[in-house]
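To start, the structure itself, in structure tokens.
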Amino acid sequence: MPGTDDDAREAPRKVLFVCSRNRIRSLTAERVFACEPGLQVRSAGTEREARMRVTAGHLGWADLVVVMEKRHHDRLRQKFPEEMRNVAVACLFIPDDFALMEKALVDLLRARMAAVLAPAGDG
């Protein structure tokens, strides 16, 4: 029925993955979770040389911002203080030690995101 809690659960959750340059970690995460039911995903980077730089528009779009390291969260808060007040953030604590789509990175992303996406009260 329209207007019920079921509608809210069925709406895709918009997740923005963020790392420094949007070339390995966040791009891998975007590719891994692109076909995940119930999610819409994008990725961006915090640095000037990023493949896709984070914008205020990205943050306004996202229901959840997933950063790879605490410094990414710090940089977002510094660059976008107003936008960051209204968005949920999760840090996966994944260092920049991987190649694009490396199996170890994919496995780590899946494991850490399972905890982030788990419904409240699970676990």
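Ligands are numbered from 1 in the order shown, residues from 1 within each chain, and chains are lettered A, B, ... in the order they appear in the structure tokens.
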
All helix (DSSP H, G or I) positions in region 25-72 of chain A, as a list in words: Arg25, Ser26, Leu27, Thr28, Ala29, Glu30, Arg31, Val32, Phe33, Ala56, Gly57, His58, Leu59, Gly60, Trp61, Lys70, Arg71 and His72 of chain A

Residue selection dump (N, CA and C atoms) as a compact mmCIF listing (two decimals), in the first residue's frame:
```txt
# COMPACT_ATOMS: atom_id res chain seq x y z
N ARG A 25 39.70 1.71 -4.55
CA ARG A 25 38.79 1.23 -3.51
C ARG A 25 37.34 1.63 -3.74
N SER A 26 37.05 2.91 -3.89
CA SER A 26 35.65 3.31 -4.06
C SER A 26 35.10 2.86 -5.41
N LEU A 27 35.94 2.84 -6.44
CA LEU A 27 35.49 2.37 -7.75
C LEU A 27 35.20 0.87 -7.70
N THR A 28 36.04 0.11 -7.02
CA THR A 28 35.77 -1.32 -6.84
C THR A 28 34.46 -1.51 -6.09
N ALA A 29 34.25 -0.75 -5.02
CA ALA A 29 33.01 -0.87 -4.25
C ALA A 29 31.80 -0.56 -5.12
N GLU A 30 31.89 0.49 -5.93
CA GLU A 30 30.78 0.82 -6.81
C GLU A 30 30.47 -0.34 -7.76
N ARG A 31 31.49 -0.93 -8.32
CA ARG A 31 31.29 -2.05 -9.26
C ARG A 31 30.73 -3.28 -8.54
N VAL A 32 31.23 -3.57 -7.35
CA VAL A 32 30.79 -4.75 -6.61
C VAL A 32 29.32 -4.63 -6.21
N PHE A 33 28.91 -3.44 -5.77
CA PHE A 33 27.55 -3.28 -5.24
C PHE A 33 26.56 -2.70 -6.26
N ALA A 56 29.00 18.61 -3.66
CA ALA A 56 27.86 18.78 -2.76
C ALA A 56 26.66 18.01 -3.29
N GLY A 57 26.54 17.94 -4.61
CA GLY A 57 25.46 17.18 -5.22
C GLY A 57 25.50 15.70 -4.87
N HIS A 58 26.69 15.12 -4.85
CA HIS A 58 26.83 13.71 -4.44
C HIS A 58 26.30 13.52 -3.02
N LEU A 59 26.70 14.43 -2.14
CA LEU A 59 26.32 14.30 -0.73
C LEU A 59 24.82 14.53 -0.54
N GLY A 60 24.24 15.41 -1.32
CA GLY A 60 22.80 15.62 -1.27
C GLY A 60 22.02 14.43 -1.78
N TRP A 61 22.58 13.72 -2.74
CA TRP A 61 21.95 12.53 -3.32
C TRP A 61 21.98 11.35 -2.34
N LYS A 70 39.26 7.11 7.83
CA LYS A 70 38.77 8.23 8.63
C LYS A 70 39.16 9.58 8.02
N ARG A 71 40.33 9.65 7.40
CA ARG A 71 40.77 10.92 6.81
C ARG A 71 39.83 11.38 5.69
N HIS A 72 39.16 10.44 5.02
CA HIS A 72 38.20 10.82 3.98
C HIS A 72 36.99 11.51 4.62
```

Spatial neighbours of Gln40 (chain A), max dist 7 Å, only C-alpha atoms, sep filter under 3 positions, as a list in words: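 Selected residues are Pro12, Arg13, Lys14, Val15 and Ala34 of chain A.
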
Just C-alpha atoms for this one: save the residues we selected as a PDB file, in the first residue's frame.
```
ATOM      1  CA  PRO A  12      16.668   1.870  -3.009  1.00  0.00           C
ATOM      2  CA  ARG A  13      19.229   3.055  -0.497  1.00  0.00           C
ATOM      3  CA  LYS A  14      21.600   5.528  -2.143  1.00  0.00           C
ATOM      4  CA  VAL A  15      25.200   4.783  -1.186  1.00  0.00           C
ATOM      5  CA  ALA A  34      26.134  -1.902  -8.526  1.00  0.00           C
TER       6      ALA A  34
END
```

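Comparing A:Val18, A:Ala111, A:Ala88, A:Val65 by their smallest distance to Arg51 (chain A), the closest is A:Val18 (using only C-alpha atoms).
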
CA of Val54 (chain A) to CA of Pro95 (chain A), straight-line distance in Å: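 It comes out at 19.1 Å.
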
Å distance separating CA of Leu76 (chain A) from CA of Leu39 (chain A), one decimal place: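 Straight-line distance from CA of Leu76 (chain A) to CA of Leu39 (chain A) works out to 22.1 Å.
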
Which of region 5-107 of chain A fall in strand (DSSP E or B), as number ranges by chain: A: 13-19, 39-45, 53, 64-67, 88-91

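In terms of minimum interatomic distance to Ala99 (chain A), A:Ile24 ranks closest within A:Val116, A:Ala62, A:Met84, A:Ile24, counting only C-alpha atoms.
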
For Asp96 (chain A): contacts at 10 Å, only C-alpha atoms, fewer than 4 positions along chain excluded, given as a PyMOL selection string: chain A and resi 19-20+24-25+68-69+105

Residues from the last selection, C-alpha atoms, saved as a PDB file, in the first residue's frame:
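What follows is the written file again_20.pdb:
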```pdb
ATOM      1  CA  CYS A  19      38.276   7.164  -1.219  1.00  0.00           C
ATOM      2  CA  SER A  20      41.098   9.499  -2.217  1.00  0.00           C
ATOM      3  CA  ILE A  24      40.691   1.614  -6.789  1.00  0.00           C
ATOM      4  CA  ARG A  25      38.792   1.235  -3.508  1.00  0.00           C
ATOM      5  CA  MET A  68      37.448   3.955   3.171  1.00  0.00           C
ATOM      6  CA  GLU A  69      39.501   5.770   5.833  1.00  0.00           C
ATOM      7  CA  LEU A 105      39.614  -6.044  -1.631  1.00  0.00           C
TER       8      LEU A 105
END
```

Residues within 6 Å of Phe17 (chain A), only C-alpha atoms, excluding chain neighbours under 3 positions, as a VMD selection string: chain A and resid 26 43 66 to 67

Between CA of Phe98 (chain A) and CA of Arg48 (chain A) - distance in Å to one decimal: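 CA of Phe98 (chain A) lies at a distance of 20.6 Å from CA of Arg48 (chain A).
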